[in-house]
$ cat data_32.csv   # CSV, C-alpha atoms
chain,number,residue,atom,x,y,z
A,1,MET,CA,98.5,151.1,51.7
A,2,ALA,CA,97.9,147.8,50.0
A,3,ASP,CA,94.2,148.0,51.0
A,4,LYS,CA,94.0,151.4,49.4
A,5,LYS,CA,95.4,150.1,46.2
A,6,THR,CA,93.0,147.2,45.9
A,7,GLU,CA,90.2,149.6,46.8
A,8,MET,CA,91.2,151.8,43.9
A,9,ALA,CA,91.5,148.9,41.6
A,10,GLN,CA,88.0,147.7,42.4
A,11,ILE,CA,86.5,151.2,41.8
A,12,GLU,CA,88.5,151.6,38.6
A,13,LEU,CA,87.2,148.2,37.4
A,14,ILE,CA,83.6,149.2,37.9
A,15,ILE,CA,83.9,152.6,36.3
A,16,GLY,CA,85.9,151.1,33.4
A,17,LYS,CA,83.1,148.7,32.8
A,18,ILE,CA,80.4,151.4,32.6
A,19,LEU,CA,82.6,153.5,30.3
A,20,ARG,CA,83.1,150.5,28.0
A,21,ILE,CA,79.4,149.7,27.8
A,22,GLY,CA,78.6,153.4,27.2
A,23,VAL,CA,81.1,153.7,24.4
A,24,MET,CA,80.1,150.4,22.8
A,25,VAL,CA,76.4,151.2,22.8
A,26,SER,CA,76.8,154.8,21.5
A,27,ALA,CA,79.3,153.7,18.8
A,28,THR,CA,77.0,150.9,17.6
A,29,ILE,CA,74.0,153.2,17.4
A,30,LEU,CA,76.0,155.8,15.6
A,31,ILE,CA,77.4,153.4,13.1
A,32,ILE,CA,73.9,152.0,12.4
A,33,GLY,CA,72.7,155.6,11.9
A,34,MET,CA,75.5,156.3,9.5
A,35,LEU,CA,74.8,153.2,7.5
A,36,LEU,CA,71.1,154.1,7.3
A,37,ALA,CA,72.1,157.6,6.1
A,38,VAL,CA,74.3,156.1,3.4
A,39,ILE,CA,71.6,153.6,2.3
A,40,HIS,CA,68.8,156.2,2.3
A,41,GLY,CA,71.0,158.8,0.8
A,42,GLY,CA,70.3,161.3,3.6
A,43,THR,CA,69.4,161.7,7.2
A,44,GLY,CA,65.6,161.8,6.5
A,45,TYR,CA,65.5,165.4,7.5
A,46,ALA,CA,66.1,168.6,5.6
A,47,GLU,CA,69.4,170.3,6.0
A,48,TYR,CA,69.9,172.0,9.4
A,49,GLN,CA,66.6,170.3,10.4
A,50,PHE,CA,66.9,167.5,12.9
A,51,PRO,CA,65.0,166.2,16.0
A,52,THR,CA,65.9,168.0,19.2
A,53,THR,CA,63.4,166.7,21.7
A,54,LEU,CA,63.3,163.1,22.9
A,55,THR,CA,59.8,162.6,21.6
A,56,GLN,CA,60.9,163.7,18.1
A,57,ILE,CA,63.9,161.4,18.3
A,58,PHE,CA,61.8,158.4,19.2
A,59,ASN,CA,59.2,159.2,16.5
A,60,GLY,CA,62.1,159.4,14.0
A,61,ILE,CA,63.5,156.1,15.1
A,62,THR,CA,60.2,154.3,14.5
A,63,MET,CA,60.4,155.6,11.0
A,64,LEU,CA,64.0,154.5,10.7
A,65,LYS,CA,65.2,158.0,10.0
A,66,ALA,CA,69.0,158.1,10.1
A,67,GLY,CA,69.1,161.5,11.8
A,68,ALA,CA,67.0,160.4,14.7
A,69,VAL,CA,69.1,157.2,15.2
A,70,ILE,CA,72.3,159.3,15.2
A,71,MET,CA,70.8,161.7,17.7
A,72,LEU,CA,70.0,158.8,20.0
A,73,GLY,CA,73.6,157.6,19.7
A,74,LEU,CA,74.9,161.1,20.5
A,75,PHE,CA,72.6,161.3,23.5
A,76,CYS,CA,74.0,158.0,24.8
A,77,LEU,CA,77.5,159.4,24.3
A,78,ILE,CA,76.7,162.5,26.3
A,79,LEU,CA,75.1,160.5,29.1
A,80,THR,CA,78.1,158.2,29.5
A,81,PRO,CA,80.3,160.6,31.6
A,82,VAL,CA,77.2,161.4,33.7
A,83,LEU,CA,76.6,157.8,34.3
A,84,ARG,CA,80.3,157.4,35.2
A,85,VAL,CA,79.8,159.9,38.0
A,86,VAL,CA,76.7,158.1,39.3
A,87,VAL,CA,78.5,154.8,39.3
A,88,SER,CA,81.6,156.3,41.0
A,89,ILE,CA,79.4,157.2,44.0
A,90,TYR,CA,78.3,153.6,44.3
A,91,ALA,CA,81.8,152.4,43.9
A,92,PHE,CA,83.3,154.6,46.5
A,93,ALA,CA,80.5,153.8,48.9
A,94,LYS,CA,81.0,150.1,48.3
A,95,GLU,CA,84.7,150.5,49.3
A,96,GLY,CA,83.7,152.6,52.4
A,97,ASP,CA,85.5,155.7,51.2
A,98,TYR,CA,82.8,158.2,52.4
A,99,LEU,CA,84.9,161.3,51.9
A,100,TYR,CA,84.9,160.6,48.2
A,101,VAL,CA,81.3,159.5,48.2
A,102,TRP,CA,80.5,163.1,49.3
A,103,ILE,CA,82.9,164.7,46.9
A,104,THR,CA,81.3,162.7,44.0
A,105,VAL,CA,77.8,163.5,45.2
A,106,ILE,CA,78.7,167.2,45.1
A,107,VAL,CA,80.0,166.8,41.5
A,108,LEU,CA,76.8,165.1,40.5
A,109,VAL,CA,74.5,167.7,42.1
A,110,ILE,CA,76.5,170.5,40.3
A,111,LEU,CA,76.2,168.6,37.0
A,112,MET,CA,72.4,168.2,37.5
A,113,ILE,CA,72.1,172.0,38.3
A,114,GLY,CA,74.1,172.7,35.1
A,115,MET,CA,71.8,170.5,33.0
A,116,ALA,CA,68.6,172.0,34.6
A,117,ILE,CA,69.9,175.5,33.8
A,118,GLY,CA,70.4,174.3,30.2
A,119,PHE,CA,66.8,173.2,29.9
A,120,ILE,CA,65.5,176.4,31.5
A,121,LYS,CA,67.7,178.7,29.3
A,122,LYS,CA,66.5,176.9,26.2
B,1,MET,CA,80.0,160.2,1.4
B,2,GLN,CA,83.2,162.2,0.8
B,3,GLN,CA,82.4,164.3,3.8
B,4,ILE,CA,81.8,161.2,6.0
B,5,ILE,CA,85.3,159.9,5.2
B,6,LEU,CA,86.9,163.3,5.7
B,7,LEU,CA,85.2,163.6,9.1
B,8,LEU,CA,86.2,160.0,10.1
B,9,VAL,CA,89.8,160.7,9.3
B,10,VAL,CA,89.8,164.0,11.1
B,11,GLY,CA,88.2,162.3,14.0
B,12,VAL,CA,90.8,159.6,14.2
B,13,LEU,CA,93.6,162.2,14.2
B,14,ALA,CA,91.9,164.4,16.8
B,15,GLY,CA,91.3,161.3,18.9
B,16,VAL,CA,94.9,160.1,18.9
B,17,LEU,CA,96.3,163.5,19.6
B,18,GLY,CA,93.6,164.3,22.2
B,19,ALA,CA,94.2,161.1,24.1
B,20,ILE,CA,97.9,161.5,24.2
B,21,LEU,CA,97.9,165.1,25.3
B,22,GLY,CA,94.7,165.2,27.4
B,23,ILE,CA,93.0,167.8,25.3
B,24,GLY,CA,89.6,167.9,23.6
B,25,GLY,CA,90.9,168.0,20.1
B,26,GLY,CA,88.9,171.2,19.3
B,27,ILE,CA,92.2,172.6,18.0
B,28,ILE,CA,92.0,170.2,15.1
B,29,VAL,CA,88.2,169.8,14.8
B,30,THR,CA,87.1,173.4,14.8
B,31,PRO,CA,89.3,174.7,12.0
B,32,VAL,CA,88.4,171.7,9.8
B,33,LEU,CA,84.7,172.2,10.3
B,34,THR,CA,84.7,176.0,9.8
B,35,LEU,CA,87.3,176.2,7.1
B,36,ALA,CA,87.2,173.0,5.1
B,37,ILE,CA,83.4,172.2,5.5
B,38,GLY,CA,82.3,175.8,5.9
B,39,LEU,CA,80.2,175.1,9.0
B,40,ASP,CA,78.8,178.0,11.0
B,41,ILE,CA,80.8,178.5,14.3
B,42,LYS,CA,77.7,177.7,16.3
B,43,TYR,CA,77.6,174.2,14.8
B,44,ALA,CA,81.3,173.8,15.0
B,45,ILE,CA,81.2,174.4,18.7
B,46,GLY,CA,78.4,171.9,19.1
B,47,ALA,CA,80.5,169.3,17.2
B,48,SER,CA,83.6,170.0,19.2
B,49,ILE,CA,81.8,169.5,22.5
B,50,ILE,CA,80.8,166.0,21.2
B,51,ALA,CA,84.5,165.6,20.2
B,52,VAL,CA,85.6,166.3,23.8
B,53,ILE,CA,83.2,163.7,25.2
B,54,ALA,CA,84.2,161.1,22.7
B,55,THR,CA,87.9,161.7,23.3
B,56,SER,CA,87.4,161.5,27.1
B,57,SER,CA,85.3,158.3,27.1
B,58,GLY,CA,87.5,156.5,24.5
B,59,ALA,CA,90.8,157.3,26.1
B,60,THR,CA,89.7,156.8,29.7
B,61,ILE,CA,89.0,153.1,29.2
B,62,ALA,CA,92.6,152.3,28.7
B,63,TYR,CA,93.9,154.8,31.3
B,64,LEU,CA,91.7,153.2,33.9
B,65,LYS,CA,92.7,149.7,33.0
B,66,ASP,CA,96.4,150.6,33.1
B,67,ASP,CA,96.2,152.7,36.3
B,68,MET,CA,97.5,155.8,34.5
B,69,LEU,CA,95.1,158.4,35.8
B,70,ASN,CA,94.5,159.7,39.3
B,71,LEU,CA,90.8,159.1,40.1
B,72,ARG,CA,90.8,161.1,43.4
B,73,VAL,CA,92.5,164.1,41.9
B,74,ALA,CA,89.9,164.0,39.1
B,75,MET,CA,86.9,163.7,41.4
B,76,PHE,CA,88.1,166.5,43.7
B,77,LEU,CA,89.0,168.9,40.9
B,78,GLU,CA,85.8,168.2,39.0
B,79,ILE,CA,84.0,170.2,41.7
B,80,ALA,CA,86.0,173.2,40.7
B,81,THR,CA,85.6,172.7,36.9
B,82,THR,CA,81.9,172.0,36.9
B,83,VAL,CA,81.0,175.0,39.2
B,84,GLY,CA,83.3,177.2,37.0
B,85,ALA,CA,81.7,175.9,33.8
B,86,ILE,CA,78.2,176.7,35.0
B,87,ILE,CA,79.2,180.2,36.2
B,88,GLY,CA,81.0,180.7,32.9
B,89,ALA,CA,77.9,179.7,30.9
B,90,LEU,CA,75.7,182.0,33.0
B,91,LEU,CA,78.1,184.9,32.6
B,92,THR,CA,77.9,184.7,28.8
B,93,GLY,CA,76.8,188.0,27.5
B,94,ILE,CA,77.1,189.7,30.8
B,95,VAL,CA,80.9,189.9,31.3
B,96,PRO,CA,83.1,191.4,28.6
B,97,THR,CA,85.2,188.5,27.5
B,98,GLY,CA,88.2,190.4,26.1
B,99,PHE,CA,89.9,190.9,29.4
B,100,LEU,CA,89.4,187.2,30.3
B,101,PHE,CA,90.8,186.0,27.0
B,102,VAL,CA,93.9,188.1,27.6
B,103,LEU,CA,94.2,186.9,31.2
B,104,PHE,CA,93.8,183.2,30.4
B,105,GLY,CA,95.9,183.5,27.3
B,106,ALA,CA,98.7,185.1,29.2
B,107,PHE,CA,98.6,182.2,31.7
B,108,LEU,CA,99.0,179.7,28.9
B,109,LEU,CA,101.9,181.7,27.5
B,110,PHE,CA,103.6,181.7,30.9
B,111,SER,CA,103.0,178.0,31.1
B,112,THR,CA,104.6,177.6,27.7
B,113,TYR,CA,107.7,179.2,29.1
B,114,ASN,CA,107.6,177.0,32.2
B,115,MET,CA,107.2,173.9,30.0
B,116,VAL,CA,110.2,174.9,27.9
B,117,GLN,CA,112.2,175.3,31.0
B,118,LYS,CA,111.2,171.9,32.1
B,119,LEU,CA,112.2,170.5,28.7
B,120,ARG,CA,115.6,172.1,28.9
B,121,GLY,CA,116.1,170.6,32.4
B,122,LYS,CA,116.3,174.0,34.1
B,123,VAL,CA,113.4,173.0,36.3
B,124,ALA,CA,113.9,169.6,37.8
B,125,GLU,CA,111.3,167.0,36.5
B,126,GLN,CA,111.2,165.1,39.7
B,127,HIS,CA,108.2,164.3,41.8
B,128,THR,CA,109.7,163.2,45.0
B,129,GLY,CA,107.2,165.2,47.0
B,130,ALA,CA,109.6,167.6,48.7
B,131,GLY,CA,106.8,170.1,48.9
B,132,ALA,CA,104.2,167.6,49.9
B,133,ASP,CA,100.9,169.3,50.6
B,134,ARG,CA,98.7,169.0,53.7
B,135,TRP,CA,95.6,168.9,51.5
B,136,ALA,CA,97.1,166.1,49.3
B,137,LYS,CA,97.5,164.0,52.4
B,138,GLN,CA,94.0,164.8,53.8
B,139,LEU,CA,92.4,164.0,50.5
B,140,ASN,CA,94.6,161.1,49.8
B,141,LEU,CA,95.6,162.5,46.4
B,142,ASN,CA,99.2,161.2,46.0
B,143,GLY,CA,99.5,158.6,43.4
B,144,THR,CA,101.7,156.2,41.4
B,145,TYR,CA,101.8,155.0,37.8
B,146,TYR,CA,103.9,152.6,35.7
B,147,ASP,CA,105.8,154.3,32.9
B,148,LYS,CA,105.9,151.8,30.0
B,149,ALA,CA,108.5,153.9,28.2
B,150,ASN,CA,111.1,153.8,31.0
B,151,HIS,CA,109.9,150.6,32.6
B,152,GLU,CA,109.6,152.0,36.0
B,153,GLN,CA,107.0,152.6,38.7
B,154,VAL,CA,106.8,156.4,39.4
B,155,ASP,CA,105.4,157.5,42.7
B,156,TYR,CA,104.4,161.1,42.9
B,157,ALA,CA,103.2,163.6,45.4
B,158,VAL,CA,100.6,166.3,44.6
B,159,GLU,CA,101.5,169.8,45.6
B,160,GLN,CA,99.7,173.1,45.9
B,161,VAL,CA,96.2,171.7,46.0
B,162,PRO,CA,94.4,175.0,46.7
B,163,GLY,CA,96.3,176.7,43.9
B,164,GLY,CA,95.4,173.8,41.5
B,165,PHE,CA,91.8,173.9,42.6
B,166,ALA,CA,91.6,177.7,42.0
B,167,MET,CA,93.2,177.3,38.6
B,168,MET,CA,90.6,174.5,37.7
B,169,PHE,CA,87.8,176.9,38.7
B,170,GLY,CA,89.3,179.4,36.3
B,171,ALA,CA,89.6,176.7,33.7
B,172,GLY,CA,85.9,175.9,34.2
B,173,ILE,CA,84.9,179.5,33.7
B,174,ALA,CA,87.1,179.8,30.7
B,175,SER,CA,85.6,176.7,29.0
B,176,GLY,CA,82.1,177.7,29.9
B,177,LEU,CA,82.4,181.3,28.9
B,178,LEU,CA,84.9,181.3,26.1
B,179,GLY,CA,84.4,177.7,24.9
B,180,ILE,CA,88.1,177.1,24.5
B,181,GLY,CA,90.9,175.1,26.1
B,182,SER,CA,88.9,172.5,28.0
B,183,GLY,CA,91.9,170.2,28.3
B,184,VAL,CA,94.9,172.5,27.9
B,185,PHE,CA,94.1,174.3,31.1
B,186,LYS,CA,93.6,171.1,33.1
B,187,VAL,CA,96.8,169.5,32.0
B,188,THR,CA,98.7,172.8,32.6
B,189,ALA,CA,97.2,173.2,36.1
B,190,MET,CA,98.2,169.6,37.1
B,191,ASP,CA,101.6,169.7,35.5
B,192,THR,CA,102.7,173.3,36.3
B,193,ILE,CA,100.9,174.1,39.5
B,194,MET,CA,100.3,170.8,41.2
B,195,LYS,CA,103.6,169.3,40.0
B,196,MET,CA,102.1,166.0,38.8
B,197,PRO,CA,104.0,164.1,36.2
B,198,LEU,CA,102.9,164.8,32.6
B,199,LYS,CA,101.4,161.3,31.8
B,200,PRO,CA,99.0,161.1,34.7
B,201,SER,CA,98.2,164.8,34.2
B,202,SER,CA,97.1,164.0,30.6
B,203,ALA,CA,95.2,160.9,31.6
B,204,THR,CA,93.4,162.6,34.4
B,205,SER,CA,92.5,165.5,32.2
B,206,ASN,CA,91.0,163.1,29.7
B,207,LEU,CA,88.8,161.7,32.4
B,208,MET,CA,87.7,165.1,33.7
B,209,MET,CA,87.0,166.9,30.5
B,210,GLY,CA,84.2,164.4,29.6
B,211,VAL,CA,82.3,165.4,32.8
B,212,THR,CA,82.8,169.2,32.3
B,213,ALA,CA,81.7,168.9,28.7
B,214,ALA,CA,78.6,166.7,29.4
B,215,ALA,CA,77.0,169.6,31.4
B,216,SER,CA,77.1,172.0,28.5
B,217,ALA,CA,76.6,169.3,25.9
B,218,THR,CA,72.9,168.8,26.9
B,219,VAL,CA,72.3,172.5,26.3
B,220,TYR,CA,73.8,172.3,22.8
B,221,PHE,CA,72.0,169.0,22.1
B,222,PHE,CA,68.5,170.3,22.9
B,223,SER,CA,69.0,173.7,21.2
B,224,GLY,CA,69.9,172.0,17.9
B,225,ALA,CA,73.5,173.0,17.7
B,226,ILE,CA,74.7,169.5,17.0
B,227,ILE,CA,74.3,168.3,13.4
B,228,PRO,CA,73.9,164.5,13.4
B,229,SER,CA,75.5,164.0,10.0
B,230,VAL,CA,78.6,165.9,11.1
B,231,ALA,CA,78.9,164.7,14.7
B,232,ALA,CA,78.4,161.0,14.0
B,233,PRO,CA,81.4,160.3,11.8
B,234,LEU,CA,83.5,162.6,13.9
B,235,ALA,CA,82.5,160.8,17.1
B,236,VAL,CA,83.1,157.3,15.7
B,237,GLY,CA,86.5,158.4,14.3
B,238,ILE,CA,87.5,160.0,17.6
B,239,LEU,CA,86.4,156.9,19.7
B,240,LEU,CA,88.7,154.8,17.5
B,241,GLY,CA,91.5,157.3,17.6
B,242,ALA,CA,91.3,157.8,21.3
B,243,THR,CA,91.4,154.1,21.9
B,244,VAL,CA,94.6,153.8,19.9
B,245,GLY,CA,96.1,157.1,21.2
B,246,SER,CA,95.6,156.1,24.9
B,247,ARG,CA,97.7,153.0,24.2
B,248,ILE,CA,100.4,154.8,22.2
B,249,MET,CA,100.8,157.4,24.9
B,250,GLN,CA,101.9,155.0,27.6
B,251,TYR,CA,105.0,154.0,25.5
B,252,LEU,CA,106.0,157.6,24.7
B,253,GLN,CA,108.8,159.4,26.6
B,254,PRO,CA,107.3,162.1,28.7
B,255,ARG,CA,109.8,164.4,27.1
B,256,LEU,CA,108.4,163.7,23.6
B,257,ILE,CA,104.8,164.3,24.9
B,258,ARG,CA,106.0,167.7,26.3
B,259,MET,CA,107.5,168.6,22.9
B,260,ILE,CA,104.2,168.0,21.2
B,261,PHE,CA,102.3,169.8,23.9
B,262,ILE,CA,104.4,173.0,23.9
B,263,PRO,CA,103.5,174.3,20.3
B,264,ILE,CA,99.8,173.6,21.0
B,265,LEU,CA,100.0,175.5,24.3
B,266,LEU,CA,101.8,178.4,22.6
B,267,TYR,CA,99.2,178.4,19.7
B,268,THR,CA,96.2,178.3,22.1
B,269,GLY,CA,97.7,181.0,24.3
B,270,LEU,CA,98.5,183.3,21.4
B,271,GLN,CA,95.1,182.8,19.9
B,272,MET,CA,93.4,183.7,23.2
B,273,VAL,CA,95.5,186.8,23.8
B,274,LEU,CA,94.9,188.0,20.2
B,275,LYS,CA,91.2,187.3,20.4
B,276,GLY,CA,91.1,189.4,23.6
B,277,PHE,CA,92.4,192.3,21.6
B,278,GLY,CA,89.9,191.6,18.8
B,279,VAL,CA,92.2,189.8,16.4
B,280,HIS,CA,91.0,186.5,15.1
B,281,ILE,CA,93.4,183.8,13.8

$ encode --input "data_32.csv" --output "structure tokens"
Amino acid sequence: MADKKTEMAQIELIIGKILRIGVMVSATILIIGMLLAVIHGGTGYAEYQFPTTLTQIFNGITMLKAGAVIMLGLFCLILTPVLRVVVSIYAFAKEGDYLYVWITVIVLVILMIGMAIGFIKK
Amino acid sequence: MQQIILLLVVGVLAGVLGAILGIGGGIIVTPVLTLAIGLDIKYAIGASIIAVIATSSGATIAYLKDDMLNLRVAMFLEIATTVGAIIGALLTGIVPTGFLFVLFGAFLLFSTYNMVQKLRGKVAEQHTGAGADRWAKQLNLNGTYYDKANHEQVDYAVEQVPGGFAMMFGAGIASGLLGIGSGVFKVTAMDTIMKMPLKPSSATSNLMMGVTAAASATVYFFSGAIIPSVAAPLAVGILLGATVGSRIMQYLQPRLIRMIFIPILLYTGLQMVLKGFGVHI
């Protein structure tokens, strides 16, 4: 039982680190974007007009458009839980808990299918 | 500028409440966006999806550190919620939603009754694992947490795993199809069906709802339903609020958390049933 507890603590430590990095990175980008919006007095885009493809977002960032910077921050925020699932697979594998490696792989595959459907439907 | 400050404050409030109760905070965010700012419902839904993810990531950091959530329960049940969410999203526009709204709303109302009974002590709030489940053992789901309010280590067994799994599947469909109750259903399923204590139920729901929401968030993101100038201050406020809320929650009496949860459960249930009959509140 003690083994199981240390195993869980290890896994939680790794996942916690990923979440903290994800939150820090997205929050920093979002705050920079908001400051840019305040300084520029707008997002750099017309109302209800903002970049929705990754190319548009990167083009906007090179021009320091607040809207594009914010979209990048939001994208990082959305990716954080996905990254958490990916890292969980590694963490469970490292601790030799193969039942949960499979369970987590299934979750990731379903998540990918969901995202793919999202792209196609669009 | 005024709008940024309003959204930051709303975000902090939604983050604190969401982290404590294990819900997405849409119950606070959506009305403010549609009523106070006059945002179209399409953009309000996009913003509340971002709110769910921000609450989840912000709160989970502390819940992982303090061993409050049950990672295995979360991973296992995520299979059900993600499959349900995709099916729900695909069924949009095919299945008449009225019936589902009534069905899920009725479940929430029943859960409200059940929670009130628990509050009044008519249903024992013990988790000794008398009805320990075969599946819980196989999947190694039983857990333990330290209650900072009562200064005690609480060991708990997880019961009725197939029932909880089925309910999570329904919860996934509901959130994918109806766009409502991402966290409320999860907490209720763990607390009411699987007989987990309220605190780990809430913490585990916080972890899970980020993953469920991430799948649909990409759809909203690339279809332009997320307005950067609205979502950014909201997300930053929520991250802050959820960080604080996840620390406050651990010192609250489970009874108090239940007392805050019950009116929200009642409100969401009523709202869904009425919506099913075509009445919008």

$ residues_near_point --input "data_32.csv" --point "(74.3, 171.7, 16.0)" --cutoff "7 Å" --atoms "all atoms listed in the file" --output "number ranges by chain"
B: 42-43, 46-47, 220, 224-227

$ closest_atom_pairs --input "data_32.csv" --of "chain B" --to "chain A" --cutoff "6 Å" --atoms "all atoms listed in the file" --output "JSON lines"
{"residue": "B:Ile61", "atom": "CA", "partner": "A:Gly16", "partner_atom": "CA", "distance": 5.6}
{"residue": "B:Leu64", "atom": "CA", "partner": "A:Glu12", "partner_atom": "CA", "distance": 5.9}
{"residue": "B:Ile79", "atom": "CA", "partner": "A:Val107", "partner_atom": "CA", "distance": 5.3}
{"residue": "B:Ile86", "atom": "CA", "partner": "A:Gly114", "partner_atom": "CA", "distance": 5.7}
{"residue": "B:Gly210", "atom": "CA", "partner": "A:Pro81", "partner_atom": "CA", "distance": 5.8}
{"residue": "B:Val211", "atom": "CA", "partner": "A:Pro81", "partner_atom": "CA", "distance": 5.3}
{"residue": "B:Ala214", "atom": "CA", "partner": "A:Ile78", "partner_atom": "CA", "distance": 5.6}
{"residue": "B:Ala215", "atom": "CA", "partner": "A:Met115", "partner_atom": "CA", "distance": 5.5}
{"residue": "B:Val219", "atom": "CA", "partner": "A:Gly118", "partner_atom": "CA", "distance": 4.7}
{"residue": "B:Phe222", "atom": "CA", "partner": "A:Thr52", "partner_atom": "CA", "distance": 5.1}
{"residue": "B:Gly224", "atom": "CA", "partner": "A:Thr52", "partner_atom": "CA", "distance": 5.8}
{"residue": "B:Pro228", "atom": "CA", "partner": "A:Ile70", "partner_atom": "CA", "distance": 5.7}
{"residue": "B:Ala232", "atom": "CA", "partner": "A:Leu30", "partner_atom": "CA", "distance": 5.9}

$ residues_around --input "data_32.csv" --residues "Tyr267 (chain B)" --least-positions-apart "3" --cutoff "10 Å" --atoms "only C-alpha atoms" --output "list in words"
Ile27, Gly105, Leu108, Leu109, Thr112, Ile262, Pro263, Ile264, Leu270, Gln271, Met272 and Ile281 of chain B

$ closest_residue --input "data_32.csv" --among "B:Ser229, B:Gln117, B:Phe104, B:Met1" --to "Gly44 (chain A)" --atoms "all atoms listed in the file"
B:Ser229

$ atom_distance --input "data_32.csv" --atom1 "CA of Gly58 (chain B)" --atom2 "CA of Leu21 (chain B)"
13.5 Å

$ residues_around --input "data_32.csv" --residues "Ala189 (chain B)" --least-positions-apart "3" --cutoff "7 Å" --atoms "all atoms listed in the file" --output "list in words"
Gly164, Met167, Met168, Phe185, Lys186, Thr192, Ile193 and Met194 of chain B

$ residues_around --input "data_32.csv" --residues "Ser202 (chain B)" --least-positions-apart "6" --cutoff "9 Å" --atoms "all atoms listed in the file" --output "list in words"
Ala19, Ile20, Leu21, Gly22, Ile23, Leu69, Gly183, Lys186, Val187, Met190 and Asp191 of chain B

$ atom_distance --input "data_32.csv" --atom1 "CA of Gln10 (chain A)" --atom2 "CA of Ser182 (chain B)"
28.7 Å

$ decode --input "data_32.csv" --residues "region 1-14 of chain B" --atoms "N, CA and C atoms" --output "JSON list (two decimals), in the first residue's frame"
[["chain", "number", "residue", "atom", "x", "y", "z"],
["B", 1, "MET", "N", -11.92, 49.54, -20.96],
["B", 1, "MET", "CA", -11.22, 49.43, -19.67],
["B", 1, "MET", "C", -12.17, 49.00, -18.57],
["B", 2, "GLN", "N", -13.35, 49.66, -18.56],
["B", 2, "GLN", "CA", -14.35, 49.33, -17.56],
["B", 2, "GLN", "C", -14.77, 47.86, -17.70],
["B", 3, "GLN", "N", -14.90, 47.45, -18.97],
["B", 3, "GLN", "CA", -15.32, 46.08, -19.24],
["B", 3, "GLN", "C", -14.27, 45.08, -18.78],
["B", 4, "ILE", "N", -12.99, 45.45, -18.97],
["B", 4, "ILE", "CA", -11.90, 44.57, -18.55],
["B", 4, "ILE", "C", -11.97, 44.33, -17.05],
["B", 5, "ILE", "N", -12.18, 45.42, -16.28],
["B", 5, "ILE", "CA", -12.24, 45.30, -14.83],
["B", 5, "ILE", "C", -13.44, 44.46, -14.40],
["B", 6, "LEU", "N", -14.60, 44.72, -15.03],
["B", 6, "LEU", "CA", -15.80, 43.94, -14.71],
["B", 6, "LEU", "C", -15.54, 42.46, -14.95],
["B", 7, "LEU", "N", -14.93, 42.12, -16.10],
["B", 7, "LEU", "CA", -14.70, 40.72, -16.44],
["B", 7, "LEU", "C", -13.68, 40.08, -15.51],
["B", 8, "LEU", "N", -12.66, 40.87, -15.11],
["B", 8, "LEU", "CA", -11.68, 40.34, -14.16],
["B", 8, "LEU", "C", -12.36, 39.98, -12.84],
["B", 9, "VAL", "N", -13.21, 40.89, -12.35],
["B", 9, "VAL", "CA", -13.89, 40.65, -11.07],
["B", 9, "VAL", "C", -14.83, 39.45, -11.17],
["B", 10, "VAL", "N", -15.61, 39.41, -12.25],
["B", 10, "VAL", "CA", -16.51, 38.27, -12.45],
["B", 10, "VAL", "C", -15.70, 36.98, -12.52],
["B", 11, "GLY", "N", -14.56, 37.05, -13.20],
["B", 11, "GLY", "CA", -13.69, 35.89, -13.31],
["B", 11, "GLY", "C", -13.22, 35.40, -11.95],
["B", 12, "VAL", "N", -12.78, 36.32, -11.11],
["B", 12, "VAL", "CA", -12.29, 35.93, -9.79],
["B", 12, "VAL", "C", -13.41, 35.23, -9.01],
["B", 13, "LEU", "N", -14.62, 35.82, -9.03],
["B", 13, "LEU", "CA", -15.75, 35.23, -8.32],
["B", 13, "LEU", "C", -16.07, 33.83, -8.86],
["B", 14, "ALA", "N", -16.15, 33.72, -10.18],
["B", 14, "ALA", "CA", -16.46, 32.43, -10.80],
["B", 14, "ALA", "C", -15.39, 31.41, -10.49]]
